[in-house]
Amino acid sequence: MKIFIDRFEGDCAVCEAEGRSFSLPRWLLPPGTDEGDILTLVLDSEAKARQKAQITELEDKLFR
């Protein structure tokens with residue numbers, strides 16, 4: 001999904017994607033993001049699997 005940064009209003013970025021407008025807190029954006037930039041949002045299933053494995057490992061250590 002492509003997210004277009006339309007403008008900033010205070011601590012929020014007004015964005016557009018798929019014909020809809022919405023706001024995101026500025027702190028969620030990569031450093032240096034500016035008006036007119038386009039962000040790409042992707043689902044990272046591999047990162048999710050790694051994180052789940054780490055959590056399982058920590059739980060195993062904690063509850064042994």
# chains A, B, ... in the order shown; residues from 1 in each chain; ligands from 1
$ select_by_dssp --residues "chain A" --states "helix (DSSP H, G or I)" --output "list of chain:residue names"
A:Arg26, A:Trp27, A:Leu28, A:Ser45, A:Glu46, A:Ala47, A:Lys48, A:Ala49, A:Arg50, A:Gln51, A:Lys52, A:Ala53, A:Gln54, A:Ile55, A:Thr56, A:Glu57, A:Leu58, A:Glu59, A:Asp60, A:Lys61, A:Leu62, A:Phe63
$ closest_residue --among "A:Asp11, A:Gln54, A:Leu62, A:Glu16" --to "Asp37 in chain A" --atoms "only C-alpha atoms"
A:Glu16
